[in-house]
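Report on the following structure.
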Amino acid sequence: MKTLSGIPASPGIAIGLIHVINQEELSIKEITLDTPGKVQSEVENFTLALRKTEEELVAVQKMLRSHLGKDEASIFDAHLHILKDIAISQKTAAIIKNEKKNAAFALKRVVDETIVAFNAMQDDYLRQRVLDVQDVYKRVLNHLVEDFVTGVDPVDLSEKSVFVARSLGPYDFAFFEQGSMLGVVTETGGAASHFAIIARSLDIPAVVGCEGVTLTAVNGATIIIDGGHGTVILNPDSDTLEKYSRQQKRYISREQKLFAQRDLPPITIDGRMIDIAANLELPSEITSILEHGCRNIGLCRTEFLYLLKKSPPTEEEQFQTYSDFLKKMHPGYVIIRTFDLGGDKISGMIKTESEANPALGWRAIRICLDEEDLFRTQLRAILRASIFGNLKVMFPMISSVEELRRALKIYNEVKKELLGKLVPVSERIDVGVMIEVPSAALVADELAKEVDFFSIGTNDLTQFLLAVDRGNKRLAPLFDSHNPAVLKMIKSVINAAHSNGIWVGVCGEMAGNPLSALLLLGMGADELSMNTISVLEIKRIIRSITFDEIRSVVEEALTLESSRKISVFLQRKFRKKVSFSHLYQEVFKVKS
Ligand code: PEP
Ligand code: MG
């Protein structure tokens, strides 16, 4: 038995057999080429990939030489040398021609064999070259498999398993057979990463940032993961298995009890109705949102339209998707957020250069304003769908008034064009802006004059304000939304919204954390939009408290000068209402 610990990412206990995902192997399929023409074109693809890689290496070498000098650039001499190794390219071409296999598969096989041979050598220097070989040929493979939108291919398992991987992207979940995943553990990631957010939406127990798990986990062995505490147990003994089975039962029975109250309204004891909405990241979630008694969607992340497919979504396809959401949620509202691509949501369909700081890079509204066709297509689809329900639209990552005005100008032009063509569009569509970049928060007063509502994205706001990467496991303790600087910023945004007569919601993960949710309500947030798994717990808490109490506790909490003091104070004051025995608490740890 071996116990590892990682970062709690999605609550619940999973007990099952391990399935280790080796992404690189999975992303390269073996294809048999059935015509001489296909063989010839695959040989050409391979030659082209080698040429592109060479150009890439020469360009990097040049750049390094001019910035850093000859010595640093010489590493690329070695890489170019490896690339030109005739043996590897000849063997690969031979497999393509003689065995009629696709280039990526052939190359992977040759490189794997070469690595095995290098590893077996006595010579230390040669053994150390293994990493260089891997590096160079990964570049070549990248050119050969660039059509793949994800590192993971569909996994079809007859037995439900707990998946273990080095790293998974947020939309990789969609590539697993529905219901085949009992739980998931990764070596990388943080609790606010998009991967963790989707695990929570799908109610799949998850632990991220669990170092060394892929080295220790063996396919088919038993594993327990406790997603609420970040614990991973490999080969558990029978006592441990029994203990966790009991906990799993308790967790499930607690969920069932909450579920039975799903139709009760989110109203405080003193009669204040709270607007609770759900966040949607995958279309399949809509059923579960409705089943959890949630009537509104406060954040519809539309990126799945790009990330789950190999070709860009057409206007028609988007129109169908948005109409379907609006019809199903009617009369509740759906806030559709325009594409927030980029950062950790990279689509192979949008050609981006590799960026040193993707979270601060070409993403979200920046891509939309540069690639207007993409933006206009999405807006046309959204506006056409508007007649099917209660639609609101919002723009992500806005960082200035000018940027918002550019987005609004395009939005208004698209609307006018549609109306000019007599395409029906709803008369009442609220347009909002996400406040998730500190510069936007600082000019919230000006932004509020241009829109109907704000939705505060506390995940990115925390990341950018504190300069802490939300997906970096080493920085997890610093990613702290109760930091007084974050709270001051949120409060000032709420005040700016209210003094301009608009409403303000919160759609970052804070909204689904019991203590933070109360904090946000006490600060004046008008709406909380959260992961579906949090909806019932937050509703239960709201129904157990008076709004007066929330307001007075929060007022006092905001006078404290540290995150720790604020969290401990809230914990003490709300202990009776917020059930600390329940595992939700552990996902968003309160430090005491
Ligand atoms: C946020 O940043 O808080 C947010 C809701 O957007 P996302 O998590 O999709 O970046
Ligand atoms: Mg965001």
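Following the order of the structure tokens, first chain is A, next is B, and so on, with residues numbered from 1 inside each chain and ligands from 1 in the order they appear.
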Would you name the residues within 9 Å of ligand 2, counting only C-alpha atoms and all ligand atoms, and put them as a list of chain:residue names?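 Written in the requested form, the residues are A:Asp340, A:Ala364, A:Pro396, A:Met397, A:Met434, A:Ile435, A:Glu436, A:Val437, A:Ile456, A:Gly457, A:Thr458, A:Asn459, A:Asp460, A:Leu461, A:Cys507, A:Gly508.
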Could you tell me, as an NGL selection string, which residues of region 235-334 of chain A DSSP assigns to strand (DSSP E) when given the backbone? :A and (275-280 or 297-301 or 333-334)
Please dump the current selection as a CSV table (one decimal), in the first residue's frame; keep all heavy atoms.
```csv
chain,number,residue,atom,x,y,z
A,275,ASP,N,-30.3,34.7,-6.3
A,275,ASP,CA,-30.3,34.3,-7.7
A,275,ASP,C,-29.1,33.3,-7.8
A,275,ASP,O,-28.0,33.7,-7.8
A,275,ASP,CB,-30.1,35.5,-8.6
A,275,ASP,CG,-30.3,35.1,-10.1
A,275,ASP,OD1,-30.5,33.9,-10.3
A,275,ASP,OD2,-30.2,36.1,-10.9
A,276,ILE,N,-29.5,32.0,-7.9
A,276,ILE,CA,-28.4,31.0,-8.1
A,276,ILE,C,-28.5,30.4,-9.5
A,276,ILE,O,-29.6,30.1,-10.0
A,276,ILE,CB,-28.7,29.8,-7.1
A,276,ILE,CG1,-28.3,30.4,-5.7
A,276,ILE,CG2,-27.8,28.6,-7.4
A,276,ILE,CD1,-28.1,29.3,-4.7
A,277,ALA,N,-27.3,30.3,-10.1
A,277,ALA,CA,-27.3,29.8,-11.5
A,277,ALA,C,-26.2,28.8,-11.6
A,277,ALA,O,-25.3,28.7,-10.7
A,277,ALA,CB,-27.1,31.0,-12.5
A,278,ALA,N,-26.2,28.0,-12.7
A,278,ALA,CA,-25.1,27.0,-12.8
A,278,ALA,C,-24.2,27.4,-14.0
A,278,ALA,O,-24.6,28.2,-14.9
A,278,ALA,CB,-25.8,25.7,-13.2
A,279,ASN,N,-22.9,26.9,-13.9
A,279,ASN,CA,-22.0,27.1,-15.0
A,279,ASN,C,-22.0,25.9,-15.9
A,279,ASN,O,-22.1,24.8,-15.3
A,279,ASN,CB,-20.6,27.2,-14.4
A,279,ASN,CG,-20.4,28.5,-13.7
A,279,ASN,OD1,-21.2,29.4,-13.6
A,279,ASN,ND2,-19.2,28.7,-13.0
A,280,LEU,N,-22.0,26.1,-17.2
A,280,LEU,CA,-22.0,24.9,-18.1
A,280,LEU,C,-20.8,24.9,-18.9
A,280,LEU,O,-20.4,25.9,-19.5
A,280,LEU,CB,-23.3,25.0,-19.0
A,280,LEU,CG,-23.4,23.9,-20.0
A,280,LEU,CD1,-24.9,23.5,-20.2
A,280,LEU,CD2,-22.9,24.4,-21.4
A,297,ILE,N,-28.6,29.5,-16.2
A,297,ILE,CA,-27.2,29.3,-16.5
A,297,ILE,C,-26.5,30.6,-16.5
A,297,ILE,O,-26.8,31.5,-17.3
A,297,ILE,CB,-27.0,28.5,-17.8
A,297,ILE,CG1,-27.6,27.1,-17.7
A,297,ILE,CG2,-25.5,28.5,-18.2
A,297,ILE,CD1,-27.4,26.3,-19.0
A,298,GLY,N,-25.6,30.8,-15.5
A,298,GLY,CA,-25.0,32.1,-15.4
A,298,GLY,C,-23.7,32.2,-16.1
A,298,GLY,O,-23.1,33.3,-16.3
A,299,LEU,N,-23.2,31.1,-16.6
A,299,LEU,CA,-22.0,31.1,-17.4
A,299,LEU,C,-22.0,29.9,-18.3
A,299,LEU,O,-21.9,28.8,-17.9
A,299,LEU,CB,-20.7,31.1,-16.6
A,299,LEU,CG,-19.4,30.7,-17.3
A,299,LEU,CD1,-19.1,31.8,-18.4
A,299,LEU,CD2,-18.2,30.6,-16.3
A,300,CYS,N,-22.2,30.2,-19.6
A,300,CYS,CA,-22.2,29.1,-20.6
A,300,CYS,C,-20.9,29.2,-21.3
A,300,CYS,O,-20.7,30.1,-22.1
A,300,CYS,CB,-23.4,29.2,-21.5
A,300,CYS,SG,-23.3,28.0,-22.9
A,301,ARG,N,-19.9,28.4,-21.0
A,301,ARG,CA,-18.6,28.4,-21.6
A,301,ARG,C,-18.8,27.8,-23.0
A,301,ARG,O,-19.1,26.6,-23.1
A,301,ARG,CB,-17.5,27.7,-20.8
A,301,ARG,CG,-17.2,28.3,-19.5
A,301,ARG,CD,-16.1,27.5,-18.7
A,301,ARG,NE,-15.5,28.2,-17.6
A,301,ARG,CZ,-15.8,28.0,-16.3
A,301,ARG,NH1,-16.8,27.1,-16.0
A,301,ARG,NH2,-15.2,28.6,-15.4
A,333,TYR,N,-32.8,32.1,-17.5
A,333,TYR,CA,-31.9,32.7,-18.5
A,333,TYR,C,-30.7,31.8,-18.7
A,333,TYR,O,-30.3,31.0,-17.9
A,333,TYR,CB,-31.5,34.1,-18.0
A,333,TYR,CG,-30.8,34.2,-16.7
A,333,TYR,CD1,-29.4,33.9,-16.6
A,333,TYR,CD2,-31.4,34.6,-15.5
A,333,TYR,CE1,-28.7,34.0,-15.4
A,333,TYR,CE2,-30.8,34.7,-14.3
A,333,TYR,CZ,-29.4,34.4,-14.2
A,333,TYR,OH,-28.8,34.5,-13.1
A,334,VAL,N,-30.0,32.1,-19.9
A,334,VAL,CA,-28.8,31.5,-20.2
A,334,VAL,C,-27.8,32.6,-20.6
A,334,VAL,O,-28.1,33.4,-21.5
A,334,VAL,CB,-28.9,30.5,-21.4
A,334,VAL,CG1,-27.5,29.9,-21.7
A,334,VAL,CG2,-29.9,29.5,-21.1
```
In Å, with one decimal, what is the gap from CA of Lys473 (chain A) to CA of Val506 (chain A)? 24.3 Å
Let me make sure I understand: among A:Val133, A:Thr532, A:Gly16, A:Thr216, which one has the smallest atom-to-atom distance to Arg295 (chain A) if we use only C-alpha atoms?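 So, comparing all the options, the nearest one is A:Thr532.
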Residue neighbourhood Thr462 (chain A), 8 Å, only C-alpha atoms, exclusion window fewer than 6 positions, as a compact mmCIF listing (two decimals) with C-alpha atoms, in the first residue's frame:
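Done, and the output landed in result-v7.txt:
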```txt
# COMPACT_ATOMS: atom_id res chain seq x y z
CA VAL A 468 -0.35 33.40 -9.36
CA PHE A 479 -3.99 31.06 -5.20
CA ASP A 480 -6.21 32.54 -2.56
CA SER A 481 -9.44 34.32 -3.36
CA VAL A 486 -8.93 40.26 -4.12
```
I need the residues of region 401-446 of chain A that end up classed as alpha helix (DSSP H) by DSSP on the backbone, written out as a PyMOL selection string. chain A and resi 401-420+438-442+444-446
For Ile13 (chain A), work out the shell of residues within 7 Å, counting only C-alpha atoms and skipping chain neighbours fewer than 3 positions away, then give it as a short mmCIF file (atom, residue, chain, number, x, y, z; two decimals) with N, CA and C atoms, in the first residue's frame.
```
data_model
loop_
_atom_site.label_atom_id
_atom_site.label_comp_id
_atom_site.auth_asym_id
_atom_site.auth_seq_id
_atom_site.Cartn_x
_atom_site.Cartn_y
_atom_site.Cartn_z
N PRO A 205 -14.80 12.40 -9.01
CA PRO A 205 -13.77 12.69 -8.01
C PRO A 205 -12.40 12.86 -8.68
N ILE A 225 -9.16 7.03 -4.60
CA ILE A 225 -8.86 8.46 -4.55
C ILE A 225 -9.95 9.18 -3.75
N ASP A 226 -9.49 10.08 -2.92
CA ASP A 226 -10.40 10.90 -2.14
C ASP A 226 -10.25 12.33 -2.66
N GLY A 227 -11.15 12.70 -3.56
CA GLY A 227 -11.04 13.97 -4.25
C GLY A 227 -11.26 15.18 -3.36
N GLN A 248 -17.36 6.49 1.26
CA GLN A 248 -18.02 6.68 -0.03
C GLN A 248 -19.54 6.60 0.14
#
```
What is the distance, in Å and to one decimal place, between CA of Thr214 (chain A) and CA of Leu307 (chain A)?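 Between CA of Thr214 (chain A) and CA of Leu307 (chain A) the gap is 25.4 Å.
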Which one of A:Ile224, A:Ala467, A:Val451, A:Leu408 sits closest to Asn357 (chain A) if you count only C-alpha atoms? A:Ala467
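Distances from A:Ala196, A:Leu369, A:Leu520, A:Val207 to ligand 1 were compared using only C-alpha atoms and all ligand atoms, and the smallest one belongs to A:Ala196.
By chain and then residue number, the residues within 8 Å of Lys539 (chain A) are Pro265, Pro266, Ile267, Ile276, Val535, Leu536, Ile542 and Arg543 of chain A, counting only C-alpha atoms and disregarding those fewer than 3 positions away in sequence.
Take the candidates A:Lys576, A:Lys415, A:Lys101, A:Arg470 and check each one against ligand 1 using only C-alpha atoms and all ligand atoms; the shortest distance goes to A:Arg470.
Between ligand 1 and the candidates A:His81, A:His229, A:Lys249, A:Lys345, the tightest atom-to-atom separation, counting only C-alpha atoms and all ligand atoms, involves A:Lys345.
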Shell around Gln318 (chain A) at 12 Å using only C-alpha atoms, local window under 3 positions removed, as a PyMOL selection string: chain A and resi 283+302-306+312-315+321-325+336+338-339+374-385
Output the selection as a PDB file, in the first residue's frame - C-alpha atoms for each residue.
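Saved as again-v9.pdb:
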```
ATOM      1  CA  PRO A 283     -23.540  20.337 -23.489  1.00  0.00           C
ATOM      2  CA  THR A 302     -18.793  28.002 -25.381  1.00  0.00           C
ATOM      3  CA  GLU A 303     -15.241  26.788 -25.947  1.00  0.00           C
ATOM      4  CA  PHE A 304     -16.334  23.145 -26.218  1.00  0.00           C
ATOM      5  CA  LEU A 305     -17.640  24.011 -29.680  1.00  0.00           C
ATOM      6  CA  TYR A 306     -14.040  24.398 -30.777  1.00  0.00           C
ATOM      7  CA  PRO A 312     -14.552  24.943 -36.714  1.00  0.00           C
ATOM      8  CA  PRO A 313     -18.209  25.052 -35.665  1.00  0.00           C
ATOM      9  CA  THR A 314     -20.478  26.464 -38.367  1.00  0.00           C
ATOM     10  CA  GLU A 315     -23.036  29.176 -37.672  1.00  0.00           C
ATOM     11  CA  THR A 321     -26.627  24.349 -29.789  1.00  0.00           C
ATOM     12  CA  TYR A 322     -27.546  27.754 -28.333  1.00  0.00           C
ATOM     13  CA  SER A 323     -31.224  27.360 -29.294  1.00  0.00           C
ATOM     14  CA  ASP A 324     -31.304  23.988 -27.593  1.00  0.00           C
ATOM     15  CA  PHE A 325     -29.850  25.443 -24.358  1.00  0.00           C
ATOM     16  CA  ILE A 336     -23.684  32.821 -23.234  1.00  0.00           C
ATOM     17  CA  THR A 338     -18.413  34.435 -26.327  1.00  0.00           C
ATOM     18  CA  PHE A 339     -15.369  32.256 -27.033  1.00  0.00           C
ATOM     19  CA  LEU A 374     -15.074  33.904 -36.084  1.00  0.00           C
ATOM     20  CA  PHE A 375     -16.605  36.444 -33.704  1.00  0.00           C
ATOM     21  CA  ARG A 376     -19.308  37.570 -36.116  1.00  0.00           C
ATOM     22  CA  THR A 377     -20.281  33.969 -36.870  1.00  0.00           C
ATOM     23  CA  GLN A 378     -20.707  33.256 -33.183  1.00  0.00           C
ATOM     24  CA  LEU A 379     -22.662  36.458 -32.572  1.00  0.00           C
ATOM     25  CA  ARG A 380     -24.981  35.749 -35.521  1.00  0.00           C
ATOM     26  CA  ALA A 381     -25.686  32.279 -34.132  1.00  0.00           C
ATOM     27  CA  ILE A 382     -26.300  33.634 -30.619  1.00  0.00           C
ATOM     28  CA  LEU A 383     -28.590  36.416 -31.812  1.00  0.00           C
ATOM     29  CA  ARG A 384     -30.585  34.113 -34.085  1.00  0.00           C
ATOM     30  CA  ALA A 385     -31.061  31.713 -31.181  1.00  0.00           C
TER      31      ALA A 385
END
```
Students should find that CA of Leu144 (chain A) and CA of Arg109 (chain A) are spaced 14.1 Å
Nearby residues (only C-alpha atoms) at most 12 Å from Ala94 (chain A), same-chain spacing under 5 positions excluded, as a PyMOL selection string: chain A and resi 39-40+42-43+46+86-89+99-103+106-107+109-110
